[in-house]
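Novice: Once you've had a glance at the structure underneath, I'll fire off some questions.
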Amino acid sequence: MDDDTPDEVIAELKSRPIGGWGVAQIAAGTGLAVYAMWAGILQPGFRKVPLKLQVPYIPASRAQVQNVMTLLRGRQGGLVDLGSGDGRIVLEAHQHGFIPAVGYELNPWLVRLARFYAWRAGHHGKVSYRREDLWKVCHLRVVSVMLACKFLSLLQEKLEAELPDDALVVAGRFPFPDWKPCIIEGHGVDRAWAYSVQEQRQHTVNKNNLTATESFTVN
């Protein structure tokens, strides 16, 4: 597996052009006023929302979506996507039988764009996109995440504390900094990492026991 740093991943993401069709979709989905905001405020086609996350919004590639779906193979029930962007992972998950499929996104324009894509695909009302506080999200047993690496270090504590043992968490673009993945799919910025919550809890217990043993030995 490649050991790309977060800065290297961001640099590679910025080098990927959105393309004329992607820009056209943005304009069609959100209206000319929103497109003007996209073109005028964002540095060439990218936006940091919220700014403290320090990562530009880049639509997930088809390969990224497929890698996430591959890691979710064999799972069923509902899915929550944190940082759902334009909603393509939620939409794909619904088409693979995940019900309910819910996306949470902080950018209101992306929420609108996701709803447009769902309507265009004939799934309006079958998937849900919400602009809500991620820290108050009611998680299901399948969680996908595509957020900034700095945010993941905080989120992993919340997920480990709240999710059931049989939950599966899939991260795209950036891995969780302190978790050990059970499966990795794809290469480069298209990679996705799958994490078993039960294994992470056991890893934390082992780590704490080791720390306690070392502290006892020193004393």
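Ordering of the structure tokens sets the chain letters (A, B, ...), residue numbers begin anew at 1 in every chain, and ligands are numbered from 1 in the order given.
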Show which residues sit within 6 Å of region 123-130 of chain A, as a PyMOL selection string. Count only C-alpha atoms, and ignore same-chain residues fewer than 3 positions away.
Specialist: chain A and resi 101-104+118-119
Novice: Write a file of the selected residues as a PDB file, in the first residue's frame, keeping N, CA and C atoms.
Specialist:
```
ATOM      1  N   ALA A 101     -30.716   5.247   3.374  1.00  0.00           N
ATOM      2  CA  ALA A 101     -29.398   5.782   3.014  1.00  0.00           C
ATOM      3  C   ALA A 101     -29.466   7.290   3.227  1.00  0.00           C
ATOM      4  N   VAL A 102     -28.651   7.777   4.159  1.00  0.00           N
ATOM      5  CA  VAL A 102     -28.742   9.175   4.590  1.00  0.00           C
ATOM      6  C   VAL A 102     -27.373   9.838   4.500  1.00  0.00           C
ATOM      7  N   GLY A 103     -27.329  11.016   3.900  1.00  0.00           N
ATOM      8  CA  GLY A 103     -26.078  11.767   3.810  1.00  0.00           C
ATOM      9  C   GLY A 103     -26.131  13.020   4.662  1.00  0.00           C
ATOM     10  N   TYR A 104     -25.016  13.330   5.314  1.00  0.00           N
ATOM     11  CA  TYR A 104     -24.891  14.547   6.111  1.00  0.00           C
ATOM     12  C   TYR A 104     -23.785  15.403   5.516  1.00  0.00           C
ATOM     13  N   ALA A 118     -30.494  13.084  -6.941  1.00  0.00           N
ATOM     14  CA  ALA A 118     -31.429  12.030  -6.542  1.00  0.00           C
ATOM     15  C   ALA A 118     -32.721  12.137  -7.341  1.00  0.00           C
ATOM     16  N   TRP A 119     -33.217  13.363  -7.520  1.00  0.00           N
ATOM     17  CA  TRP A 119     -34.433  13.578  -8.318  1.00  0.00           C
ATOM     18  C   TRP A 119     -34.203  13.152  -9.760  1.00  0.00           C
TER      19      TRP A 119
END
```
Novice: Residues at most 9 Å from Trp135 (chain A), counting only C-alpha atoms, excluding those fewer than 3 positions away in the same chain, as a PyMOL selection string?
Specialist: chain A and resi 132+138+155+158
Novice: Would you compute the distance between CA of Arg88 (chain A) and CA of Ala121 (chain A)? Give it in Å to one decimal.
Specialist: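 CA of Ala121 (chain A) lies 10.7 Å from CA of Arg88 (chain A).
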Novice: Using only C-alpha atoms, which of the listed residues (A:Gly172, A:His94, A:Asn208, A:Leu159) sits closest to Gly186 (chain A)?
Specialist: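 Once distances to Gly186 (chain A) are computed over only C-alpha atoms, the minimum belongs to A:Gly172.
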Novice: Closest to Ile89 (chain A) among A:Leu210, A:Val111, A:Leu168, A:Val65, using only C-alpha atoms?
Specialist: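 Of A:Leu210, A:Val111, A:Leu168, A:Val65, the one nearest Ile89 (chain A) is A:Val65, counting only C-alpha atoms.
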Novice: I'd like the interatomic distance between CA of Arg120 (chain A) and CA of Pro59 (chain A), to a tenth of an Å.
Specialist: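 Those two atoms sit 17.4 Å apart.
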Novice: Fewer than 3 positions away in the same chain doesn't count, so skip those; otherwise give me all residues within 9 Å of Leu134 (chain A), counting only C-alpha atoms, as a PyMOL selection string.
Specialist: chain A and resi 82-83+104-106+131+137-138
Novice: Just the number, please: distance in Å from CA of Gln198 (chain A) to CA of Glu160 (chain A), one decimal.
Specialist: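 CA of Gln198 (chain A) sits 8.5 Å away from CA of Glu160 (chain A).
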Novice: Tell me which of A:Val197, A:Leu140, A:Ala93, A:Val68 sits closest to Glu157 (chain A), counting only C-alpha atoms.
Specialist: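 Nearest to Glu157 (chain A): A:Val197.
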Novice: Given the choices A:Ile58, A:Val205, A:Ile184, A:Val189, which gets closest to Thr70 (chain A) if the distance is worked out from only C-alpha atoms?
Specialist: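 Comparing A:Ile58, A:Val205, A:Ile184, A:Val189 against Thr70 (chain A), the winner is A:Ile184.
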Novice: Can you pull out every residue within 10 Å of Ala192 (chain A), counting only C-alpha atoms, but drop anything in the same chain fewer than 6 positions away, and send it as a list in words?
Specialist: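 With the cut-off at 10 Å, the set is Ala63, Gln64, Val65, Gln66, Asn67, Val68, Met69, Thr70, Leu71, Ser144, Val145, Met146, Val170, Ala171, Gly172, Arg173, Phe174, Pro175, Pro181, Ile183, Ile184, Glu185 and Gly186 of chain A.
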